[in-house]
file input.txt (compact mmCIF, C-alpha atoms)
# COMPACT_ATOMS: atom_id res chain seq x y z
CA MET A 18 38.90 -112.07 28.03
CA VAL A 19 36.01 -111.36 30.41
CA THR A 20 37.74 -108.14 31.61
CA VAL A 21 38.11 -106.90 28.03
CA ASN A 22 34.42 -107.53 27.36
CA LEU A 23 33.42 -105.84 30.61
CA GLY A 24 35.61 -102.86 29.77
CA MET A 25 34.01 -102.59 26.36
CA LEU A 26 30.57 -102.84 27.99
CA HIS A 27 31.36 -99.89 30.29
CA TYR A 28 32.66 -97.87 27.34
CA VAL A 29 29.59 -98.70 25.25
CA LEU A 30 27.31 -97.76 28.18
CA ASP A 31 28.93 -94.29 28.18
CA HIS A 32 28.22 -93.96 24.45
CA VAL A 33 24.63 -95.21 24.74
CA TYR A 34 23.98 -92.79 27.61
CA GLY A 35 25.75 -90.04 25.66
CA ALA A 36 23.69 -90.71 22.53
CA PHE A 37 20.48 -90.60 24.55
CA MET A 38 21.47 -87.40 26.36
CA HIS A 39 23.26 -85.50 23.60
CA ARG A 40 22.17 -86.77 20.18
CA THR A 41 18.43 -87.06 20.59
CA LYS A 42 16.10 -84.07 20.25
CA LEU A 43 14.93 -84.50 23.85
CA SER A 44 17.07 -81.57 24.95
CA PRO A 45 18.90 -78.78 23.12
CA PRO A 46 22.65 -79.00 22.49
CA PHE A 47 25.30 -77.12 24.45
CA PHE A 48 25.87 -73.51 23.31
CA SER A 49 22.68 -73.14 21.24
CA ARG A 50 23.03 -69.33 21.54
CA GLY A 51 26.62 -69.20 20.24
CA TRP A 52 29.85 -67.93 21.72
CA GLY A 53 28.55 -65.16 24.00
CA GLY A 54 29.89 -62.09 22.16
CA THR A 55 31.70 -59.50 24.27
CA LYS A 56 31.17 -61.63 27.41
CA LEU A 57 33.54 -64.22 25.95
CA ASP A 58 36.29 -61.61 25.39
CA LEU A 59 35.87 -60.41 29.00
CA LEU A 60 36.00 -63.95 30.40
CA GLU A 61 39.07 -64.93 28.39
CA LYS A 62 40.90 -61.92 29.83
CA MET A 63 39.72 -62.53 33.39
CA ILE A 64 40.58 -66.23 33.42
CA ARG A 65 44.14 -65.43 32.37
CA GLN A 66 44.33 -63.42 35.61
CA LEU A 67 43.94 -66.68 37.58
CA PHE A 68 47.26 -68.02 36.32
CA PRO A 69 50.44 -68.35 38.43
CA ASP A 70 51.78 -64.78 38.16
CA ALA A 71 48.55 -63.36 39.55
CA ALA A 72 47.59 -66.17 41.93
CA GLY A 73 49.15 -64.52 44.98
CA GLN A 74 47.40 -61.22 44.32
CA ASN A 75 43.97 -62.80 44.74
CA TRP A 76 44.43 -63.79 48.40
CA PRO A 77 42.78 -63.54 50.85
CA PRO A 78 39.54 -63.94 48.90
CA SER A 79 36.43 -61.85 49.48
CA LEU A 80 34.83 -62.64 52.83
CA ILE A 81 31.47 -64.38 52.73
CA GLN A 82 28.78 -64.35 55.41
CA PRO A 83 26.45 -67.30 54.87
CA ILE A 84 22.93 -67.14 56.32
CA TRP A 85 21.98 -70.59 57.65
CA ARG A 86 18.88 -72.63 58.35
CA THR A 87 18.95 -76.06 60.00
CA VAL A 88 17.48 -78.86 57.84
CA TRP A 89 17.87 -81.58 60.48
CA GLU A 90 19.87 -82.31 63.59
CA THR A 91 20.58 -85.50 65.52
CA ARG A 92 22.71 -86.32 68.55
CA THR A 93 25.73 -86.92 66.29
CA ALA A 94 25.36 -84.68 63.21
CA CYS A 95 23.72 -81.58 61.76
CA LEU A 96 22.72 -80.60 58.21
CA ARG A 97 22.34 -76.90 57.44
CA GLU A 98 21.67 -75.08 54.19
CA GLY A 99 23.04 -71.61 53.63
CA VAL A 100 23.05 -68.77 51.14
CA PHE A 101 25.56 -65.99 50.49
CA ARG A 102 26.10 -63.38 47.82
CA THR A 103 28.67 -64.62 45.32
CA PRO A 104 32.00 -62.90 46.15
CA CYS A 105 32.87 -61.94 42.55
CA ASP A 106 33.77 -58.43 41.39
CA ASP A 107 31.42 -56.11 39.52
CA GLN A 108 32.60 -57.11 36.04
CA ILE A 109 31.86 -60.77 36.70
CA MET A 110 28.57 -59.95 38.42
CA SER A 111 27.40 -57.96 35.39
CA ALA A 112 28.12 -60.94 33.13
CA LEU A 113 26.49 -63.45 35.51
CA PRO A 114 22.73 -64.11 35.18
CA PRO A 115 20.80 -62.62 38.13
CA GLU A 116 19.58 -66.12 39.10
CA SER A 117 23.21 -67.06 39.84
CA HIS A 118 24.10 -64.07 42.05
CA THR A 119 23.22 -65.92 45.27
CA ALA A 120 25.31 -69.00 46.10
CA ARG A 121 23.70 -71.97 47.86
CA VAL A 122 25.48 -74.53 50.05
CA ALA A 123 24.65 -77.57 52.18
CA PHE A 124 26.86 -78.16 55.25
CA LEU A 125 26.92 -81.59 56.92
CA VAL A 126 28.90 -81.60 60.17
CA PRO A 127 29.61 -84.22 62.86
CA LYS A 128 28.94 -82.96 66.40
CA SER A 129 31.21 -85.26 68.37
CA VAL A 130 34.47 -83.27 68.16
CA PRO A 131 35.54 -79.60 67.96
CA PRO A 132 36.33 -78.20 64.45
CA GLN A 133 40.09 -78.07 65.01
CA LYS A 134 40.08 -81.88 65.35
CA MET A 135 37.91 -82.25 62.22
CA ALA A 136 38.49 -82.01 58.49
CA CYS A 137 36.06 -80.44 56.01
CA VAL A 138 35.87 -81.16 52.28
CA VAL A 139 34.18 -78.82 49.78
CA HIS A 140 32.34 -80.86 47.09
CA LEU A 141 31.94 -79.21 43.66
CA ALA A 142 29.28 -80.15 41.10
CA GLY A 143 29.80 -82.30 38.03
CA THR A 144 28.01 -81.64 34.73
CA GLY A 145 24.26 -81.96 35.31
CA ASP A 146 24.46 -82.22 39.13
CA HIS A 147 21.71 -79.75 40.05
CA SER A 148 21.08 -80.74 43.68
CA PHE A 149 22.91 -81.42 46.95
CA GLU A 150 21.72 -85.03 47.36
CA ARG A 151 24.31 -87.06 45.44
CA ARG A 152 27.24 -85.26 47.05
CA LEU A 153 25.67 -85.45 50.53
CA ARG A 154 25.35 -89.23 50.00
CA LEU A 155 29.04 -89.33 49.10
CA GLY A 156 30.01 -87.32 52.18
CA GLY A 157 27.53 -88.79 54.67
CA PRO A 158 29.49 -91.96 55.60
CA LEU A 159 32.57 -89.79 56.23
CA LEU A 160 30.90 -88.30 59.33
CA LYS A 161 32.18 -91.27 61.33
CA GLU A 162 35.74 -90.33 60.24
CA ASN A 163 35.15 -86.80 61.63
CA ILE A 164 35.03 -85.34 58.12
CA ALA A 165 32.46 -82.62 57.41
CA THR A 166 31.01 -82.03 53.93
CA MET A 167 30.32 -78.66 52.32
CA VAL A 168 28.36 -78.94 49.04
CA LEU A 169 28.28 -75.93 46.69
CA GLU A 170 25.52 -75.52 44.12
CA SER A 171 27.15 -74.32 40.90
CA PRO A 172 26.13 -71.11 39.17
CA PHE A 173 23.90 -71.97 36.15
CA TYR A 174 22.68 -75.09 38.03
CA GLY A 175 19.78 -75.97 40.34
CA GLN A 176 18.07 -72.91 41.80
CA ARG A 177 20.83 -70.79 40.21
CA ARG A 178 19.93 -71.84 36.65
CA PRO A 179 18.97 -69.05 34.21
CA LEU A 180 15.33 -69.06 33.18
CA LEU A 181 15.99 -69.83 29.48
CA GLN A 182 18.52 -72.63 30.08
CA ARG A 183 17.32 -76.24 29.72
CA GLY A 184 18.95 -78.60 32.21
CA ALA A 185 22.75 -78.39 32.15
CA LYS A 186 22.88 -77.24 28.50
CA LEU A 187 24.65 -73.89 28.85
CA LEU A 188 23.44 -71.37 26.26
CA CYS A 189 26.82 -69.80 25.34
CA VAL A 190 30.48 -70.82 25.42
CA SER A 191 31.08 -67.78 27.65
CA ASP A 192 28.74 -69.39 30.24
CA LEU A 193 31.15 -72.33 30.61
CA LEU A 194 34.07 -70.01 31.42
CA LEU A 195 31.84 -67.94 33.69
CA LEU A 196 30.60 -71.04 35.55
CA GLY A 197 34.22 -72.09 36.14
CA ARG A 198 35.48 -68.69 37.21
CA VAL A 199 32.62 -68.09 39.67
CA THR A 200 32.82 -71.64 41.09
CA ILE A 201 36.53 -71.19 41.79
CA GLU A 202 35.95 -67.79 43.47
CA GLU A 203 33.17 -69.22 45.64
CA ALA A 204 35.14 -72.36 46.54
CA ARG A 205 38.18 -70.29 47.54
CA SER A 206 36.00 -68.08 49.75
CA LEU A 207 34.40 -71.17 51.32
CA LEU A 208 37.80 -72.74 52.09
CA TYR A 209 38.91 -69.47 53.70
CA TRP A 210 35.68 -69.22 55.73
CA LEU A 211 35.94 -72.84 56.90
CA GLU A 212 39.56 -72.43 57.95
CA HIS A 213 39.55 -68.92 59.46
CA ASN A 214 35.96 -68.49 60.61
CA GLN A 215 35.14 -72.07 61.65
CA GLY A 216 38.62 -73.26 62.59
CA PHE A 217 38.72 -76.64 60.82
CA GLY A 218 42.02 -78.47 61.33
CA LYS A 219 42.32 -79.85 57.79
CA MET A 220 40.74 -78.87 54.48
CA GLY A 221 40.01 -80.67 51.22
CA ILE A 222 38.30 -80.05 47.90
CA CYS A 223 36.83 -82.64 45.56
CA GLY A 224 34.59 -82.87 42.54
CA LEU A 225 33.43 -85.30 39.92
CA SER A 226 33.95 -84.73 36.17
CA MET A 227 33.65 -80.95 35.56
CA GLY A 228 33.65 -80.49 39.36
CA GLY A 229 37.01 -82.26 39.49
CA VAL A 230 38.52 -79.75 37.04
CA HIS A 231 37.29 -76.90 39.25
CA ALA A 232 38.55 -78.70 42.39
CA ALA A 233 42.00 -79.13 40.83
CA MET A 234 42.15 -75.42 39.92
CA THR A 235 40.99 -74.33 43.38
CA GLY A 236 43.41 -76.66 45.18
CA SER A 237 46.25 -75.49 42.95
CA LEU A 238 45.63 -71.81 43.78
CA HIS A 239 45.23 -72.33 47.55
CA PRO A 240 48.18 -70.79 49.45
CA THR A 241 48.35 -73.59 52.07
CA PRO A 242 48.17 -77.38 51.61
CA VAL A 243 44.69 -78.82 51.01
CA ALA A 244 43.73 -82.34 49.92
CA THR A 245 42.80 -82.03 46.23
CA LEU A 246 40.66 -84.87 44.89
CA PRO A 247 39.50 -84.77 41.24
CA PHE A 248 37.32 -87.78 40.34
CA LEU A 249 36.73 -88.91 36.72
CA SER A 250 38.11 -85.56 35.56
CA PRO A 251 39.96 -84.43 32.43
CA HIS A 252 42.91 -82.03 32.52
CA SER A 253 40.92 -79.55 30.43
CA ALA A 254 37.40 -78.89 29.08
CA VAL A 255 38.95 -79.24 25.59
CA VAL A 256 38.97 -82.99 26.17
CA ALA A 257 35.30 -83.13 27.14
CA PHE A 258 33.91 -80.95 24.34
CA CYS A 259 36.36 -81.65 21.49
CA GLU A 260 37.38 -85.30 22.07
CA GLY A 261 34.85 -87.03 24.36
CA ILE A 262 31.16 -87.79 23.96
CA LEU A 263 30.04 -84.19 24.62
CA LYS A 264 31.33 -83.19 21.17
CA HIS A 265 28.14 -84.86 19.84
CA GLY A 266 26.01 -82.59 22.03
CA THR A 267 27.57 -79.29 20.93
CA ALA A 268 25.85 -76.85 18.53
CA TRP A 269 28.78 -76.64 16.08
CA GLU A 270 26.65 -75.25 13.25
CA VAL A 271 25.34 -72.40 15.44
CA LEU A 272 28.89 -71.64 16.57
CA ARG A 273 30.05 -71.56 12.95
CA GLU A 274 27.25 -69.17 11.95
CA ASP A 275 28.05 -66.95 14.93
CA LEU A 276 31.72 -66.71 13.89
CA GLN A 277 30.83 -66.16 10.23
CA ALA A 278 28.68 -63.17 11.21
CA GLN A 279 31.86 -61.60 12.61
CA SER A 280 34.31 -62.60 9.85
CA ALA A 281 34.72 -64.58 6.65
CA SER A 282 33.29 -68.04 6.06
CA MET A 283 34.64 -70.73 8.38
CA THR A 284 35.03 -74.48 8.05
CA LEU A 285 33.80 -76.71 10.85
CA GLU A 286 37.42 -77.59 11.64
CA GLU A 287 38.28 -73.89 12.07
CA VAL A 288 35.34 -73.54 14.46
CA LYS A 289 36.60 -76.50 16.49
CA GLU A 290 40.08 -74.96 16.56
CA ARG A 291 38.59 -71.74 17.95
CA MET A 292 36.85 -73.84 20.62
CA ARG A 293 40.13 -75.55 21.50
CA ASN A 294 41.82 -72.16 21.87
CA VAL A 295 39.07 -70.81 24.13
CA LEU A 296 38.85 -73.93 26.28
CA SER A 297 42.64 -74.16 26.60
CA LEU A 298 42.08 -71.57 29.36
CA THR A 299 40.64 -74.45 31.41
CA ASP A 300 43.86 -76.50 31.11
CA VAL A 301 44.75 -77.40 34.70
CA THR A 302 48.36 -78.23 33.73
CA ARG A 303 48.88 -74.46 33.27
CA PHE A 304 48.03 -73.86 36.93
CA PRO A 305 50.65 -73.98 39.72
CA VAL A 306 51.53 -77.28 41.38
CA PRO A 307 49.54 -77.53 44.68
CA LYS A 308 51.45 -76.82 47.90
CA ASN A 309 51.35 -80.52 48.89
CA PRO A 310 51.13 -82.61 45.69
CA ASN A 311 51.24 -85.80 47.81
CA ALA A 312 47.72 -84.89 49.00
CA VAL A 313 46.45 -84.86 45.39
CA ILE A 314 44.69 -88.10 44.44
CA PHE A 315 43.04 -88.51 41.03
CA VAL A 316 40.51 -91.32 40.68
CA ALA A 317 40.02 -92.27 37.02
CA ALA A 318 38.06 -94.96 35.17
CA THR A 319 39.68 -97.59 32.93
CA ASP A 320 37.06 -97.39 30.15
CA ASP A 321 35.80 -93.81 30.27
CA GLY A 322 34.01 -92.67 27.09
CA TYR A 323 34.10 -89.04 28.25
CA ILE A 324 37.67 -88.76 29.58
CA PRO A 325 40.55 -90.51 27.72
CA LYS A 326 43.38 -91.96 29.82
CA HIS A 327 46.00 -89.62 28.34
CA SER A 328 44.17 -86.64 29.87
CA VAL A 329 44.44 -88.00 33.42
CA LEU A 330 48.10 -88.91 32.94
CA GLU A 331 48.90 -85.38 31.70
CA LEU A 332 47.69 -84.02 35.04
CA GLN A 333 49.74 -86.50 37.04
CA LYS A 334 52.82 -85.63 34.97
CA ALA A 335 52.27 -81.89 35.53
CA TRP A 336 51.97 -82.39 39.30
CA PRO A 337 54.85 -84.69 40.36
CA GLY A 338 54.06 -86.48 43.63
CA SER A 339 50.35 -86.75 42.89
CA GLU A 340 48.69 -90.17 42.69
CA VAL A 341 46.32 -91.70 40.13
CA ARG A 342 44.01 -94.52 41.20
CA TRP A 343 42.11 -96.50 38.56
CA VAL A 344 38.65 -97.99 39.02
CA THR A 345 37.20 -100.52 36.59
CA GLY A 346 34.38 -98.99 34.62
CA GLY A 347 33.20 -96.16 32.41
CA HIS A 348 32.25 -92.61 33.30
CA VAL A 349 28.59 -93.38 34.02
CA SER A 350 29.07 -96.74 35.76
CA SER A 351 31.91 -95.42 37.97
CA PHE A 352 29.79 -92.42 38.91
CA ILE A 353 27.22 -94.93 40.25
CA LEU A 354 29.35 -97.82 41.52
CA HIS A 355 32.58 -96.43 42.96
CA ASN A 356 31.59 -94.05 45.75
CA GLY A 357 33.60 -96.25 48.14
CA GLU A 358 36.79 -95.55 46.15
CA PHE A 359 36.04 -91.82 46.10
CA ARG A 360 35.57 -91.83 49.89
CA ARG A 361 38.80 -93.77 50.39
CA ALA A 362 40.67 -91.17 48.32
CA ILE A 363 39.17 -88.36 50.43
CA VAL A 364 40.28 -90.03 53.67
CA ASP A 365 43.77 -90.85 52.33
CA GLY A 366 44.29 -87.35 50.88
CA LEU A 367 43.38 -85.74 54.21
CA ASN A 368 45.63 -88.18 56.09
CA ARG A 369 48.59 -86.84 54.07
CA LEU A 370 48.11 -83.35 55.54
CA GLN A 371 49.39 -82.00 58.86
CA TRP A 372 46.88 -80.72 61.39
CA LYS A 373 46.86 -76.95 61.70
CA ASP A 374 49.24 -75.76 64.45
CA ASN A 375 47.11 -72.90 65.74
CA PRO A 376 43.43 -73.82 65.91
CA LEU A 377 41.01 -71.01 66.69
call {"tool": "encode", "arguments": {"input": "input.txt", "output": "structure tokens"}}
result
Amino acid sequence: MVTVNLGMLHYVLDHVYGAFMHRTKLSPPFFSRGWGGTKLDLLEKMIRQLFPDAAGQNWPPSLIQPIWRTVWETRTACLREGVFRTPCDDQIMSALPPESHTARVAFLVPKSVPPQKMACVVHLAGTGDHSFERRLRLGGPLLKENIATMVLESPFYGQRRPLLQRGAKLLCVSDLLLLGRVTIEEARSLLYWLEHNQGFGKMGICGLSMGGVHAAMTGSLHPTPVATLPFLSPHSAVVAFCEGILKHGTAWEVLREDLQAQSASMTLEEVKERMRNVLSLTDVTRFPVPKNPNAVIFVAATDDGYIPKHSVLELQKAWPGSEVRWVTGGHVSSFILHNGEFRRAIVDGLNRLQWKDNPL
């Protein structure tokens, strides 16, 4: 009986936090500027190019050349921050706000062993994660396991946030697709740089919530086995914006008016159906099964108000051989309390990979 009550408490906490963040007038809703017009059409077309038939054509990715500065260095570890021009093509660059053209990363590396005897995990940002700190705290204790951490600041977030955007509240639906597409391109280029330029012996990619969706997509498209570790993640953004708590923080009326300006009058349900169709492009189950599904570990919460259980299980079903681990809690409480479980999944996922045969 106590477990049931605790579970309900976690679920209620998600809804209280969600109501505070998304139903109050303290911040604007998501997509307060509408769908994004012609940008949305462009993005829908370009995201379809990521799917299985075209996946092989996009490799190797564009080379990046990060410029580094050392933040701190000790006898055993070093933290550097770097910048590089986002490796996207001209069409994407023209759609991307100028503030997002330069990618920012933090790179935490142990100094005790050469890279070929080390692993490195790229950490992608969850919704509202505007800084490096939370992900560096997650990766920091892994230094003693000889695991380096590369943290990518998302486009539209942190120092890459457009001037008119408040917090994480993206202005247009097209921005959500753009954020995903650019994050995947940058993460793929980082994995390639870490493997071929730095010579790391094993690679992984992880992310929490939205970052987990992007990690799953990136891991799925990678031509060689990488540990793929989505934490508290849905199988698609449809779940987050049409089923979970974020549906209360979406500017449905603005989206309806935007569509009505282009065509006949629309019901709210028709607007939501249009949203489902657009966001179905983010459905990870449509992506290829990763090269080593045994190195895919999902960590999900038992009482998540943002991500229903069926969404996690759909991913596991689509990727036979992958593992789901459950932690007790909601989305918000697990985010705070279960870093140990996330770290264990990172270590276990990497342990299921072979070391590279030919280190640099």
call {"tool": "closest_residue", "arguments": {"input": "input.txt", "among": "A:Lys56, A:Arg121, A:Lys62, A:Arg97", "to": "Phe173 in chain A", "atoms": "all atoms listed in the file"}}
result
A:Arg121
call {"tool": "closest_residue", "arguments": {"input": "input.txt", "among": "A:Val306, A:Ile81, A:Asn356, A:Leu272", "to": "Arg291 in chain A", "atoms": "only C-alpha atoms"}}
result
A:Leu272
call {"tool": "residues_around", "arguments": {"input": "input.txt", "residues": "range 45-53 of chain A", "least_positions_apart": "3", "cutoff": "12 Å", "atoms": "only C-alpha atoms", "output": "PyMOL selection string"}}
result
chain A and resi 35-42+56-61+112-113+144-145+181-195+257-258+263-279+288+291-292+295-296
call {"tool": "residues_around", "arguments": {"input": "input.txt", "residues": "Pro104 in chain A", "least_positions_apart": "4", "cutoff": "10 Å", "atoms": "all atoms listed in the file", "output": "list in words"}}
result
Pro78, Ser79, Leu80, Ile81, Gln82, Ile109, Met110, His118, Thr119, Ala120, Val199, Glu202, Glu203, Ala204, Arg205 and Ser206 of chain A
call {"tool": "closest_residue", "arguments": {"input": "input.txt", "among": "A:Gly236, A:Gly229, A:Gly338, A:Pro131", "to": "Ile324 in chain A", "atoms": "all atoms listed in the file"}}
result
A:Gly229
call {"tool": "atom_distance", "arguments": {"input": "input.txt", "atom1": "CA of Pro251 in chain A", "atom2": "CA of Gly346 in chain A"}}
result
15.7 Å
call {"tool": "residues_around", "arguments": {"input": "input.txt", "residues": "Ala142 in chain A", "least_positions_apart": "2", "cutoff": "7 Å", "atoms": "all atoms listed in the file", "output": "PyMOL selection string"}}
result
chain A and resi 140+144+146+170-171+224-225+228
call {"tool": "decode", "arguments": {"input": "input.txt", "residues": "range 253-299 of chain A", "atoms": "C-alpha atoms", "output": "PDB file, in the first residue's frame"}}
result
ATOM      1  CA  SER A 253       8.389  10.050 -29.943  1.00  0.00           C
ATOM      2  CA  ALA A 254       7.743  13.762 -29.238  1.00  0.00           C
ATOM      3  CA  VAL A 255       4.058  13.003 -29.970  1.00  0.00           C
ATOM      4  CA  VAL A 256       3.881  11.424 -26.525  1.00  0.00           C
ATOM      5  CA  ALA A 257       5.363  14.461 -24.772  1.00  0.00           C
ATOM      6  CA  PHE A 258       3.294  17.155 -26.501  1.00  0.00           C
ATOM      7  CA  CYS A 259       0.020  15.310 -27.215  1.00  0.00           C
ATOM      8  CA  GLU A 260      -0.296  12.879 -24.260  1.00  0.00           C
ATOM      9  CA  GLY A 261       1.974  13.990 -21.393  1.00  0.00           C
ATOM     10  CA  ILE A 262       2.002  17.104 -19.229  1.00  0.00           C
ATOM     11  CA  LEU A 263       3.524  19.330 -21.950  1.00  0.00           C
ATOM     12  CA  LYS A 264       0.175  19.316 -23.786  1.00  0.00           C
ATOM     13  CA  HIS A 265      -0.945  21.831 -21.115  1.00  0.00           C
ATOM     14  CA  GLY A 266       1.942  24.129 -22.031  1.00  0.00           C
ATOM     15  CA  THR A 267       1.284  24.228 -25.789  1.00  0.00           C
ATOM     16  CA  ALA A 268      -0.297  27.227 -27.567  1.00  0.00           C
ATOM     17  CA  TRP A 269      -3.074  25.218 -29.245  1.00  0.00           C
ATOM     18  CA  GLU A 270      -5.217  28.279 -29.965  1.00  0.00           C
ATOM     19  CA  VAL A 271      -2.337  30.064 -31.736  1.00  0.00           C
ATOM     20  CA  LEU A 272      -1.638  26.912 -33.753  1.00  0.00           C
ATOM     21  CA  ARG A 273      -5.305  26.702 -34.733  1.00  0.00           C
ATOM     22  CA  GLU A 274      -5.384  30.344 -35.853  1.00  0.00           C
ATOM     23  CA  ASP A 275      -2.180  29.809 -37.838  1.00  0.00           C
ATOM     24  CA  LEU A 276      -3.704  26.844 -39.692  1.00  0.00           C
ATOM     25  CA  GLN A 277      -7.004  28.654 -40.247  1.00  0.00           C
ATOM     26  CA  ALA A 278      -5.138  31.510 -41.949  1.00  0.00           C
ATOM     27  CA  GLN A 279      -3.963  28.941 -44.515  1.00  0.00           C
ATOM     28  CA  SER A 280      -7.208  26.967 -44.949  1.00  0.00           C
ATOM     29  CA  ALA A 281     -10.765  26.544 -43.707  1.00  0.00           C
ATOM     30  CA  SER A 282     -11.790  26.638 -40.054  1.00  0.00           C
ATOM     31  CA  MET A 283     -10.283  23.894 -37.905  1.00  0.00           C
ATOM     32  CA  THR A 284     -11.397  22.190 -34.716  1.00  0.00           C
ATOM     33  CA  LEU A 285      -8.934  21.825 -31.868  1.00  0.00           C
ATOM     34  CA  GLU A 286      -8.891  18.068 -32.469  1.00  0.00           C
ATOM     35  CA  GLU A 287      -7.885  18.611 -36.116  1.00  0.00           C
ATOM     36  CA  VAL A 288      -5.045  20.865 -34.946  1.00  0.00           C
ATOM     37  CA  LYS A 289      -3.854  18.155 -32.548  1.00  0.00           C
ATOM     38  CA  GLU A 290      -4.022  15.601 -35.366  1.00  0.00           C
ATOM     39  CA  ARG A 291      -1.817  17.861 -37.495  1.00  0.00           C
ATOM     40  CA  MET A 292       0.628  18.041 -34.569  1.00  0.00           C
ATOM     41  CA  ARG A 293       0.639  14.249 -34.271  1.00  0.00           C
ATOM     42  CA  ASN A 294       1.406  13.939 -37.989  1.00  0.00           C
ATOM     43  CA  VAL A 295       4.279  16.431 -37.815  1.00  0.00           C
ATOM     44  CA  LEU A 296       5.779  14.961 -34.650  1.00  0.00           C
ATOM     45  CA  SER A 297       5.462  11.403 -35.965  1.00  0.00           C
ATOM     46  CA  LEU A 298       8.732  12.286 -37.748  1.00  0.00           C
ATOM     47  CA  THR A 299      10.376  12.030 -34.318  1.00  0.00           C
TER      48      THR A 299
END
